[in-house]
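**Q** Dropping in final.csv, with CSV, C-alpha atoms.
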chain,number,residue,atom,x,y,z
I,1,GLN,CA,12.9,-123.9,42.3
I,2,SER,CA,13.2,-122.5,38.7
I,3,THR,CA,11.5,-119.2,39.8
I,4,LEU,CA,14.1,-118.8,42.5
I,5,ASN,CA,16.9,-119.6,40.1
I,6,SER,CA,15.4,-117.0,37.7
I,7,TYR,CA,15.4,-114.4,40.5
I,8,PHE,CA,19.0,-115.0,41.4
I,9,VAL,CA,20.2,-115.0,37.8
I,10,ALA,CA,18.3,-111.8,37.1
I,11,ASN,CA,19.8,-110.2,40.3
I,12,GLY,CA,23.3,-111.5,39.5
I,13,LEU,CA,23.1,-110.1,35.9
I,14,TYR,CA,21.8,-106.8,37.3
I,15,LEU,CA,24.7,-106.7,39.8
I,16,VAL,CA,27.3,-107.4,37.1
I,17,VAL,CA,25.8,-104.9,34.6
I,18,MET,CA,25.6,-102.2,37.3
I,19,LEU,CA,29.2,-102.8,38.3
I,20,VAL,CA,30.4,-102.6,34.7
I,21,PHE,CA,28.5,-99.4,33.9
I,22,THR,CA,29.1,-97.5,37.1
I,23,GLY,CA,32.4,-99.1,38.0
I,24,ASN,CA,31.7,-98.4,41.7
I,25,LEU,CA,31.5,-101.2,44.1
I,26,LEU,CA,29.8,-99.4,47.0
I,27,LEU,CA,27.1,-97.9,44.7
I,28,THR,CA,26.4,-101.3,43.2
I,29,LEU,CA,26.0,-102.8,46.6
I,30,MET,CA,23.7,-100.0,47.8
I,31,VAL,CA,21.5,-100.3,44.7
I,32,THR,CA,21.4,-104.1,45.1
I,33,LEU,CA,20.4,-103.8,48.7
I,34,ALA,CA,17.6,-101.5,47.7
I,35,LEU,CA,16.5,-104.0,45.0
I,36,ILE,CA,16.5,-106.9,47.5
I,37,LEU,CA,14.4,-104.8,50.0
I,38,ILE,CA,11.9,-103.9,47.2
I,39,PHE,CA,11.4,-107.6,46.5
I,40,MET,CA,11.0,-108.4,50.2
I,41,CYS,CA,8.3,-105.7,50.4
I,42,LEU,CA,6.6,-106.9,47.2
I,43,ALA,CA,6.6,-110.5,48.6
I,44,GLY,CA,5.0,-109.2,51.8
I,45,LEU,CA,2.4,-107.2,50.0
I,46,THR,CA,1.6,-110.0,47.5
I,47,PHE,CA,1.3,-112.9,49.9
I,48,ALA,CA,0.3,-111.3,53.2
I,49,ALA,CA,-1.6,-108.1,52.4
I,50,TYR,CA,-3.2,-108.9,49.0
I,51,GLY,CA,-3.6,-112.7,49.8
I,52,ILE,CA,-2.4,-113.7,46.3
I,53,ASP,CA,-1.1,-117.2,46.0
I,54,PHE,CA,2.1,-117.9,44.1
I,55,GLY,CA,1.0,-118.6,40.6
I,56,PRO,CA,2.0,-118.2,36.9
I,57,VAL,CA,2.0,-114.4,37.0
I,58,GLU,CA,4.4,-114.3,40.0
I,59,SER,CA,6.5,-117.0,38.5
I,60,LEU,CA,6.9,-115.3,35.1
I,61,GLY,CA,7.1,-111.8,36.6
I,62,VAL,CA,10.1,-112.4,38.9
I,63,SER,CA,12.7,-111.6,36.2
I,64,ILE,CA,10.5,-108.9,34.7
I,65,PHE,CA,9.9,-107.2,38.1
I,66,VAL,CA,13.7,-107.1,38.6
I,67,GLY,CA,14.0,-104.9,35.5
I,68,LEU,CA,11.0,-102.8,36.5
I,69,SER,CA,12.2,-102.1,40.0
I,70,ALA,CA,15.8,-101.5,38.9
I,71,ASN,CA,15.0,-98.8,36.4
I,72,TYR,CA,14.5,-95.9,38.8
I,73,LEU,CA,17.3,-97.0,41.1
I,74,LEU,CA,19.8,-97.1,38.3
I,75,HIS,CA,18.8,-93.6,37.1
I,76,ILE,CA,19.3,-92.1,40.5
I,77,ALA,CA,22.6,-94.0,41.0
I,78,HIS,CA,23.9,-93.0,37.6
I,79,ALA,CA,23.0,-89.3,38.1
I,80,TYR,CA,24.6,-89.3,41.5
I,81,HIS,CA,27.8,-91.0,40.3
I,82,ARG,CA,28.3,-88.8,37.2
I,83,SER,CA,28.3,-85.7,39.3
I,84,THR,CA,31.8,-84.5,40.1
I,85,ILE,CA,30.6,-82.4,43.1
I,86,SER,CA,32.3,-83.4,46.4
I,87,ASP,CA,29.5,-82.5,48.7
I,88,ARG,CA,27.0,-85.4,49.1
I,89,SER,CA,24.0,-83.2,49.8
I,90,VAL,CA,24.6,-81.2,46.6
I,91,LYS,CA,25.2,-84.4,44.6
I,92,ILE,CA,21.9,-85.6,45.8
I,93,GLN,CA,20.2,-82.4,44.9
I,94,ARG,CA,21.7,-82.5,41.5
I,95,ALA,CA,20.6,-86.2,41.0
I,96,ILE,CA,17.1,-85.2,42.0
I,97,TYR,CA,17.1,-82.2,39.7
I,98,VAL,CA,18.4,-84.3,36.7
I,99,THR,CA,16.2,-87.4,37.2
I,100,GLY,CA,13.4,-86.6,39.7
I,101,SER,CA,10.8,-85.3,37.2
I,102,PRO,CA,11.4,-88.0,34.5
I,103,ILE,CA,11.3,-90.7,37.1
I,104,LEU,CA,8.1,-89.4,38.7
I,105,TRP,CA,6.3,-89.0,35.4
I,106,SER,CA,7.5,-92.4,34.2
I,107,ALA,CA,6.1,-94.0,37.4
I,108,ILE,CA,2.8,-92.1,37.1
I,109,SER,CA,2.3,-93.1,33.5
I,110,THR,CA,3.3,-96.8,34.1
I,111,MET,CA,0.9,-97.0,37.1
I,112,GLY,CA,-1.8,-95.2,35.2
I,113,GLY,CA,-1.5,-97.5,32.2
I,114,SER,CA,-1.4,-100.6,34.4
I,115,ALA,CA,-4.4,-99.5,36.5
I,116,PHE,CA,-6.6,-100.3,33.5
I,117,LEU,CA,-5.8,-103.9,34.1
I,118,PHE,CA,-7.8,-103.7,37.4
I,119,ALA,CA,-11.0,-103.8,35.4
I,120,CYS,CA,-10.2,-107.0,33.5
I,121,ARG,CA,-12.5,-110.0,33.9
I,122,THR,CA,-9.6,-112.3,33.8
I,123,TRP,CA,-8.0,-112.6,37.2
I,124,LEU,CA,-4.5,-113.1,35.8
I,125,LEU,CA,-4.5,-109.7,34.1
I,126,THR,CA,-6.0,-108.0,37.2
I,127,GLU,CA,-3.3,-109.7,39.2
I,128,LEU,CA,-0.6,-108.5,36.8
I,129,GLY,CA,-1.9,-104.9,37.1
I,130,ILE,CA,-1.8,-105.1,40.9
I,131,LEU,CA,1.7,-106.4,40.9
I,132,ILE,CA,3.0,-103.8,38.3
I,133,VAL,CA,1.5,-100.9,40.2
I,134,SER,CA,2.9,-102.3,43.4
I,135,ILE,CA,6.4,-102.8,42.1
I,136,ILE,CA,6.5,-99.4,40.4
I,137,GLY,CA,5.3,-97.7,43.6
I,138,LEU,CA,7.8,-99.5,45.7
I,139,SER,CA,10.6,-98.8,43.3
I,140,LEU,CA,9.7,-95.1,43.3
I,141,THR,CA,9.6,-95.0,47.1
I,142,PHE,CA,12.9,-96.8,47.5
I,143,SER,CA,14.6,-94.8,44.8
I,144,LEU,CA,13.6,-91.4,46.1
I,145,GLY,CA,13.5,-92.4,49.8
I,146,PHE,CA,15.8,-95.2,50.9
I,147,LEU,CA,18.5,-94.9,48.2
I,148,LEU,CA,18.8,-91.2,48.5
I,149,ALA,CA,19.0,-91.4,52.3
I,150,LEU,CA,21.7,-94.1,52.0
I,151,LEU,CA,23.6,-92.0,49.5
I,152,SER,CA,23.4,-89.0,51.8
I,153,TRP,CA,24.9,-91.1,54.6
I,154,VAL,CA,27.7,-93.0,52.9
I,155,GLY,CA,27.5,-92.3,49.2
I,156,PRO,CA,30.8,-92.4,47.3
I,157,ILE,CA,32.3,-89.0,46.7
I,158,PRO,CA,35.0,-87.9,44.2
I,159,ILE,CA,38.6,-88.3,45.3
I,160,ASP,CA,40.4,-87.5,42.1
I,161,GLY,CA,38.6,-85.7,39.3
I,162,ASN,CA,36.0,-88.2,38.1
I,163,LEU,CA,37.3,-91.0,40.2
I,164,HIS,CA,35.1,-91.7,43.2
I,165,SER,CA,35.8,-93.5,46.5
I,166,TRP,CA,35.0,-97.2,46.0
I,167,ASP,CA,35.4,-97.0,42.2
I,168,LEU,CA,37.0,-100.2,41.0
I,169,VAL,CA,40.0,-98.3,39.7
I,170,ALA,CA,40.5,-96.7,43.1
I,171,VAL,CA,40.1,-100.0,44.9
I,172,ILE,CA,42.6,-101.7,42.5
I,173,ARG,CA,45.1,-98.8,42.9
I,174,PHE,CA,44.8,-99.1,46.7
I,175,CYS,CA,45.4,-102.8,46.6
I,176,LEU,CA,48.4,-102.4,44.3
I,177,ARG,CA,49.9,-99.8,46.6
I,178,CYS,CA,49.4,-102.2,49.6
I,179,ILE,CA,51.0,-105.1,47.6
I,180,ARG,CA,54.0,-103.0,46.6
I,181,LYS,CA,54.4,-101.7,50.1
I,182,ASP,CA,54.4,-105.2,51.6
I,183,GLY,CA,56.6,-106.5,48.8
I,184,ARG,CA,59.3,-103.9,49.6
I,185,GLY,CA,58.9,-104.2,53.3
I,186,GLN,CA,58.8,-100.5,53.7
I,187,GLU,CA,56.5,-98.5,55.9
I,188,ASP,CA,54.8,-95.7,54.1
I,189,SER,CA,53.2,-93.2,56.5
I,190,ASP,CA,51.0,-91.7,53.8
I,191,SER,CA,49.2,-94.8,52.8
I,192,ALA,CA,46.9,-96.7,55.1
I,193,CYS,CA,46.9,-100.3,54.0
The structure in this file should be written as C-alpha coordinates.
**A**
Amino acid sequence: QSTLNSYFVANGLYLVVMLVFTGNLLLTLMVTLALILIFMCLAGLTFAAYGIDFGPVESLGVSIFVGLSANYLLHIAHAYHRSTISDRSVKIQRAIYVTGSPILWSAISTMGGSAFLFACRTWLLTELGILIVSIIGLSLTFSLGFLLALLSWVGPIPIDGNLHSWDLVAVIRFCLRCIRKDGRGQEDSDSAC
(Lines of atoms letter the chains of each structure in order from A and count residues from 1; the text may use other names and numbers.)
(Lines give C-alpha, C1' and ligand atoms only; values in the text may rest on other atoms or scores of the structure.)
Protein backbone atom coordinates (compact mmCIF):
# COMPACT_ATOMS: atom_id res chain seq x y z
CA GLN A 1 0.00 0.00 0.00
CA SER A 2 2.79 2.46 0.87
CA THR A 3 4.53 1.70 -2.44
CA LEU A 4 1.36 2.48 -4.33
CA ASN A 5 0.98 5.71 -2.36
CA SER A 6 4.59 6.58 -3.16
CA TYR A 7 3.92 6.02 -6.87
CA PHE A 8 0.85 8.25 -6.87
CA VAL A 9 2.56 10.99 -4.85
CA ALA A 10 5.59 10.94 -7.18
CA ASN A 11 3.35 11.06 -10.27
CA GLY A 12 1.21 13.80 -8.75
CA LEU A 13 4.23 15.92 -7.92
CA TYR A 14 5.60 15.29 -11.38
CA LEU A 15 2.31 16.41 -12.91
CA VAL A 16 2.21 19.62 -10.85
CA VAL A 17 5.86 20.48 -11.53
CA MET A 18 5.44 19.82 -15.24
CA LEU A 19 2.32 22.00 -15.34
CA VAL A 20 4.07 24.82 -13.48
CA PHE A 21 7.19 24.80 -15.65
CA THR A 22 5.59 24.31 -19.07
CA GLY A 23 2.29 25.98 -18.30
CA ASN A 24 0.64 23.77 -20.91
CA LEU A 25 -2.19 21.46 -19.91
CA LEU A 26 -2.18 19.30 -23.05
CA LEU A 27 1.60 18.79 -23.00
CA THR A 28 1.45 17.86 -19.32
CA LEU A 29 -1.25 15.26 -19.97
CA MET A 30 0.67 13.82 -22.94
CA VAL A 31 3.85 13.42 -20.93
CA THR A 32 1.94 11.98 -17.97
CA LEU A 33 0.28 9.45 -20.27
CA ALA A 34 3.70 8.44 -21.60
CA LEU A 35 4.98 8.09 -18.03
CA ILE A 36 2.05 5.85 -17.05
CA LEU A 37 2.60 3.68 -20.14
CA ILE A 38 6.30 3.37 -19.33
CA PHE A 39 5.43 2.10 -15.86
CA MET A 40 2.89 -0.35 -17.24
CA CYS A 41 5.55 -1.73 -19.60
CA LEU A 42 8.11 -1.87 -16.78
CA ALA A 43 5.66 -3.79 -14.61
CA GLY A 44 5.00 -6.22 -17.45
CA LEU A 45 8.71 -6.72 -18.08
CA THR A 46 9.56 -7.05 -14.39
CA PHE A 47 6.87 -9.45 -13.30
CA ALA A 48 6.00 -11.36 -16.47
CA ALA A 49 9.12 -11.39 -18.66
CA TYR A 50 11.87 -11.30 -16.04
CA GLY A 51 9.93 -13.23 -13.39
CA ILE A 52 11.07 -10.91 -10.60
CA ASP A 53 8.89 -10.84 -7.51
CA PHE A 54 7.90 -7.56 -5.90
CA GLY A 55 10.59 -6.92 -3.32
CA PRO A 56 12.59 -4.18 -1.64
CA VAL A 57 14.26 -2.94 -4.84
CA GLU A 58 10.93 -2.47 -6.59
CA SER A 59 9.40 -0.91 -3.48
CA LEU A 60 12.18 1.63 -3.06
CA GLY A 61 12.62 2.13 -6.77
CA VAL A 62 9.07 3.27 -7.54
CA SER A 63 9.64 6.94 -6.78
CA ILE A 64 13.20 6.85 -8.15
CA PHE A 65 12.05 5.25 -11.40
CA VAL A 66 9.49 8.03 -11.90
CA GLY A 67 12.35 10.51 -11.94
CA LEU A 68 14.50 8.37 -14.21
CA SER A 69 11.73 7.82 -16.72
CA ALA A 70 10.50 11.42 -16.65
CA ASN A 71 13.88 12.93 -17.50
CA TYR A 72 13.91 12.31 -21.25
CA LEU A 73 10.19 12.99 -21.61
CA LEU A 74 10.62 16.39 -20.00
CA HIS A 75 13.57 17.33 -22.19
CA ILE A 76 11.65 16.52 -25.38
CA ALA A 77 8.50 18.27 -24.13
CA HIS A 78 10.42 21.36 -23.07
CA ALA A 79 12.30 21.63 -26.37
CA TYR A 80 9.03 21.20 -28.29
CA HIS A 81 7.18 23.77 -26.21
CA ARG A 82 9.93 26.42 -26.29
CA SER A 83 9.93 26.46 -30.08
CA THR A 84 7.84 29.27 -31.57
CA ILE A 85 7.55 27.50 -34.94
CA SER A 86 3.93 26.90 -35.93
CA ASP A 87 4.46 23.73 -38.00
CA ARG A 88 4.36 20.60 -35.80
CA SER A 89 6.76 18.57 -37.94
CA VAL A 90 9.34 21.37 -37.90
CA LYS A 91 8.86 21.79 -34.13
CA ILE A 92 9.56 18.07 -33.69
CA GLN A 93 12.64 18.24 -35.91
CA ARG A 94 13.88 21.18 -33.84
CA ALA A 95 13.21 19.32 -30.57
CA ILE A 96 15.13 16.29 -31.84
CA TYR A 97 17.96 18.49 -33.07
CA VAL A 98 18.24 20.25 -29.70
CA THR A 99 17.77 17.28 -27.36
CA GLY A 100 18.20 14.09 -29.39
CA SER A 101 21.95 13.65 -29.09
CA PRO A 102 22.22 14.55 -25.38
CA ILE A 103 19.30 12.25 -24.55
CA LEU A 104 20.74 9.36 -26.55
CA TRP A 105 24.22 9.65 -25.02
CA SER A 106 22.79 10.10 -21.54
CA ALA A 107 20.77 6.90 -21.96
CA ILE A 108 23.77 5.00 -23.32
CA SER A 109 26.03 6.12 -20.47
CA THR A 110 23.40 5.36 -17.81
CA MET A 111 22.68 1.90 -19.23
CA GLY A 112 26.39 1.23 -19.66
CA GLY A 113 27.15 2.21 -16.07
CA SER A 114 24.23 0.16 -14.76
CA ALA A 115 25.22 -2.88 -16.82
CA PHE A 116 28.15 -3.43 -14.46
CA LEU A 117 25.60 -4.30 -11.80
CA PHE A 118 24.70 -7.42 -13.79
CA ALA A 119 27.93 -9.09 -12.63
CA CYS A 120 27.29 -8.52 -8.92
CA ARG A 121 27.00 -11.54 -6.67
CA THR A 122 24.27 -9.91 -4.63
CA TRP A 123 20.92 -10.43 -6.33
CA LEU A 124 19.53 -7.09 -5.13
CA LEU A 125 22.24 -5.18 -7.02
CA THR A 126 21.80 -7.31 -10.12
CA GLU A 127 18.07 -6.72 -9.95
CA LEU A 128 18.64 -2.98 -9.56
CA GLY A 129 20.84 -3.00 -12.67
CA ILE A 130 18.20 -4.87 -14.66
CA LEU A 131 15.49 -2.43 -13.62
CA ILE A 132 17.56 0.69 -14.29
CA VAL A 133 18.57 -0.50 -17.76
CA SER A 134 14.96 -1.43 -18.47
CA ILE A 135 13.49 1.88 -17.30
CA ILE A 136 16.07 3.91 -19.21
CA GLY A 137 15.47 1.87 -22.38
CA LEU A 138 11.71 2.26 -22.05
CA SER A 139 12.02 5.97 -21.34
CA LEU A 140 14.22 6.48 -24.39
CA THR A 141 11.82 4.48 -26.56
CA PHE A 142 8.73 6.33 -25.34
CA SER A 143 10.43 9.73 -25.52
CA LEU A 144 11.72 9.38 -29.05
CA GLY A 145 8.87 7.19 -30.27
CA PHE A 146 5.51 7.52 -28.56
CA LEU A 147 5.77 11.12 -27.33
CA LEU A 148 7.07 12.45 -30.64
CA ALA A 149 4.33 10.60 -32.53
CA LEU A 150 1.71 12.01 -30.18
CA LEU A 151 3.15 15.52 -30.52
CA SER A 152 3.11 15.23 -34.32
CA TRP A 153 -0.54 14.28 -34.17
CA VAL A 154 -2.01 16.71 -31.60
CA GLY A 155 0.89 18.65 -30.10
CA PRO A 156 0.19 22.23 -29.00
CA ILE A 157 1.16 24.90 -31.53
CA PRO A 158 1.74 28.64 -31.04
CA ILE A 159 -1.37 30.78 -31.33
CA ASP A 160 -0.01 34.16 -30.27
CA GLY A 161 3.77 34.67 -30.14
CA ASN A 162 5.04 32.42 -27.36
CA LEU A 163 1.54 31.45 -26.24
CA HIS A 164 0.59 27.92 -27.35
CA SER A 165 -2.78 26.26 -27.64
CA TRP A 166 -3.72 24.66 -24.31
CA ASP A 167 -1.33 26.93 -22.36
CA LEU A 168 -2.91 27.75 -19.03
CA VAL A 169 -2.95 31.44 -19.94
CA ALA A 170 -4.83 30.66 -23.18
CA VAL A 171 -7.30 28.39 -21.37
CA ILE A 172 -7.94 31.05 -18.70
CA ARG A 173 -8.42 33.76 -21.35
CA PHE A 174 -10.87 31.52 -23.23
CA CYS A 175 -12.85 30.81 -20.05
CA LEU A 176 -12.96 34.50 -19.12
CA ARG A 177 -14.21 35.36 -22.62
CA CYS A 178 -16.97 32.77 -22.27
CA ILE A 179 -17.93 34.04 -18.82
CA ARG A 180 -18.04 37.64 -20.01
CA LYS A 181 -20.11 36.64 -23.04
CA ASP A 182 -22.59 34.71 -20.91
CA GLY A 183 -22.73 37.49 -18.32
CA ARG A 184 -23.65 40.11 -20.93
CA GLY A 185 -26.02 37.81 -22.77
CA GLN A 186 -24.53 38.78 -26.10
CA GLU A 187 -23.73 36.49 -28.95
CA ASP A 188 -20.22 36.98 -30.29
CA SER A 189 -19.76 35.31 -33.64
CA ASP A 190 -15.94 35.43 -33.37
CA SER A 191 -15.57 33.40 -30.20
CA ALA A 192 -16.58 29.78 -29.94
CA CYS A 193 -17.50 29.11 -26.31
**Q** Counting only C-alpha atoms, give me one row per residue of segment 83-172 of chain I with an atom at most 12 Å from an atom of segment 7-24 of chain I, showing the shortest contact pair and its distance in Å to one decimal, sorted by chain then residue number, as CSV.
**A**
residue,atom,partner,partner_atom,distance
I:Gly155,CA,I:Asn24,CA,10.5
I:Pro156,CA,I:Asn24,CA,8.3
I:Ile157,CA,I:Asn24,CA,10.7
I:Pro158,CA,I:Asn24,CA,11.3
I:Asn162,CA,I:Gly23,CA,11.5
I:Leu163,CA,I:Asn24,CA,9.4
I:His164,CA,I:Asn24,CA,7.7
I:Ser165,CA,I:Asn24,CA,8.0
I:Trp166,CA,I:Asn24,CA,5.6
I:Asp167,CA,I:Asn24,CA,4.0
I:Leu168,CA,I:Gly23,CA,5.6
I:Val169,CA,I:Gly23,CA,7.8
I:Ala170,CA,I:Asn24,CA,9.1
I:Val171,CA,I:Asn24,CA,9.1
I:Ile172,CA,I:Asn24,CA,11.4
**Q** Which residues come within 9 Å of segment 42-46 of chain I, counting all atoms listed in the file, excluding same-chain residues fewer than 6 positions away, as an MDAnalysis selection string?
**A** chainID I and resid 52:54 130:131 134:135 138
**Q** So the first atom is atom CA of Arg180 of chain I and the second is atom CA of Leu26 of chain I; what is the distance between them in Å, to one decimal place?
**A**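 Calculated distance between atom CA of Arg180 of chain I and atom CA of Leu26 of chain I is 24.5 Å.
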**Q** Neighbourhood query: residues within 12 Å of (-7.8, -105.7, 38.2), file coordinates, counting only C-alpha atoms; return as a PDB file with C-alpha atoms, in the coordinates of the input.
**A**
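Result saved to out.pdb:
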ATOM      1  CA  GLY I 113      -1.500 -97.500  32.200  1.00  0.00           C
ATOM      2  CA  SER I 114      -1.400-100.600  34.400  1.00  0.00           C
ATOM      3  CA  ALA I 115      -4.400 -99.500  36.500  1.00  0.00           C
ATOM      4  CA  PHE I 116      -6.600-100.300  33.500  1.00  0.00           C
ATOM      5  CA  LEU I 117      -5.800-103.900  34.100  1.00  0.00           C
ATOM      6  CA  PHE I 118      -7.800-103.700  37.400  1.00  0.00           C
ATOM      7  CA  ALA I 119     -11.000-103.800  35.400  1.00  0.00           C
ATOM      8  CA  CYS I 120     -10.200-107.000  33.500  1.00  0.00           C
ATOM      9  CA  ARG I 121     -12.500-110.000  33.900  1.00  0.00           C
ATOM     10  CA  THR I 122      -9.600-112.300  33.800  1.00  0.00           C
ATOM     11  CA  TRP I 123      -8.000-112.600  37.200  1.00  0.00           C
ATOM     12  CA  LEU I 124      -4.500-113.100  35.800  1.00  0.00           C
ATOM     13  CA  LEU I 125      -4.500-109.700  34.100  1.00  0.00           C
ATOM     14  CA  THR I 126      -6.000-108.000  37.200  1.00  0.00           C
ATOM     15  CA  GLU I 127      -3.300-109.700  39.200  1.00  0.00           C
ATOM     16  CA  LEU I 128      -0.600-108.500  36.800  1.00  0.00           C
ATOM     17  CA  GLY I 129      -1.900-104.900  37.100  1.00  0.00           C
ATOM     18  CA  ILE I 130      -1.800-105.100  40.900  1.00  0.00           C
ATOM     19  CA  LEU I 131       1.700-106.400  40.900  1.00  0.00           C
ATOM     20  CA  ILE I 132       3.000-103.800  38.300  1.00  0.00           C
ATOM     21  CA  VAL I 133       1.500-100.900  40.200  1.00  0.00           C
TER      22      VAL I 133
END
**Q** Please provide the set of residues having any atom within 10 Å of Met30 of chain I, restricted to all atoms listed in the file, with same-chain residues fewer than 2 positions apart removed, written as a VMD selection string.
**A** chain I and resid 25 to 28 32 to 36 73 77 146 to 147 150 to 151 154 to 155
**Q** Could you tell me how far atom CA of Phe65 of chain I lies from atom CA of Gly137 of chain I, in Å and to one decimal?
**A**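 For atom CA of Phe65 of chain I relative to atom CA of Gly137 of chain I, the distance reads 11.9 Å.
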**Q** From the set I:Ile38, I:Ile96, I:Val90, I:Leu148, which residue has the shortest atom-to-atom contact distance to Gly67 of chain I, counting all atoms listed in the file?
**A**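 Looking only at the distances to Gly67 of chain I, the closest residue turns out to be I:Ile38.
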**Q** Under the rule that all atoms listed in the file are counted, which of I:Met111, I:Ala49, I:Ser152, I:Ala70 is the nearest residue to Asp87 of chain I?
**A**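 Nearest to Asp87 of chain I: I:Ser152.
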**Q** May I ask which of the residues I:Val57, I:Cys175, I:Ile64, I:Val98 is the closest one to His78 of chain I, counting all atoms listed in the file?
**A**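 When distances to His78 of chain I are compared using all atoms listed in the file, the smallest one comes from I:Val98.
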**Q** Between atom CA of Ser69 of chain I and atom CA of Asn5 of chain I, measure the distance and give it in Å to one decimal.
**A**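 Separation between atom CA of Ser69 of chain I and atom CA of Asn5 of chain I: 18.1 Å.
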**Q** When you count only C-alpha atoms, which of these residues is closest to Ser6 of chain I: I:Val62, I:Gly55, I:Val31, I:Tyr50?
**A**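 Checking each of I:Val62, I:Gly55, I:Val31, I:Tyr50 against Ser6 of chain I, counting only C-alpha atoms, the winner is I:Val62.
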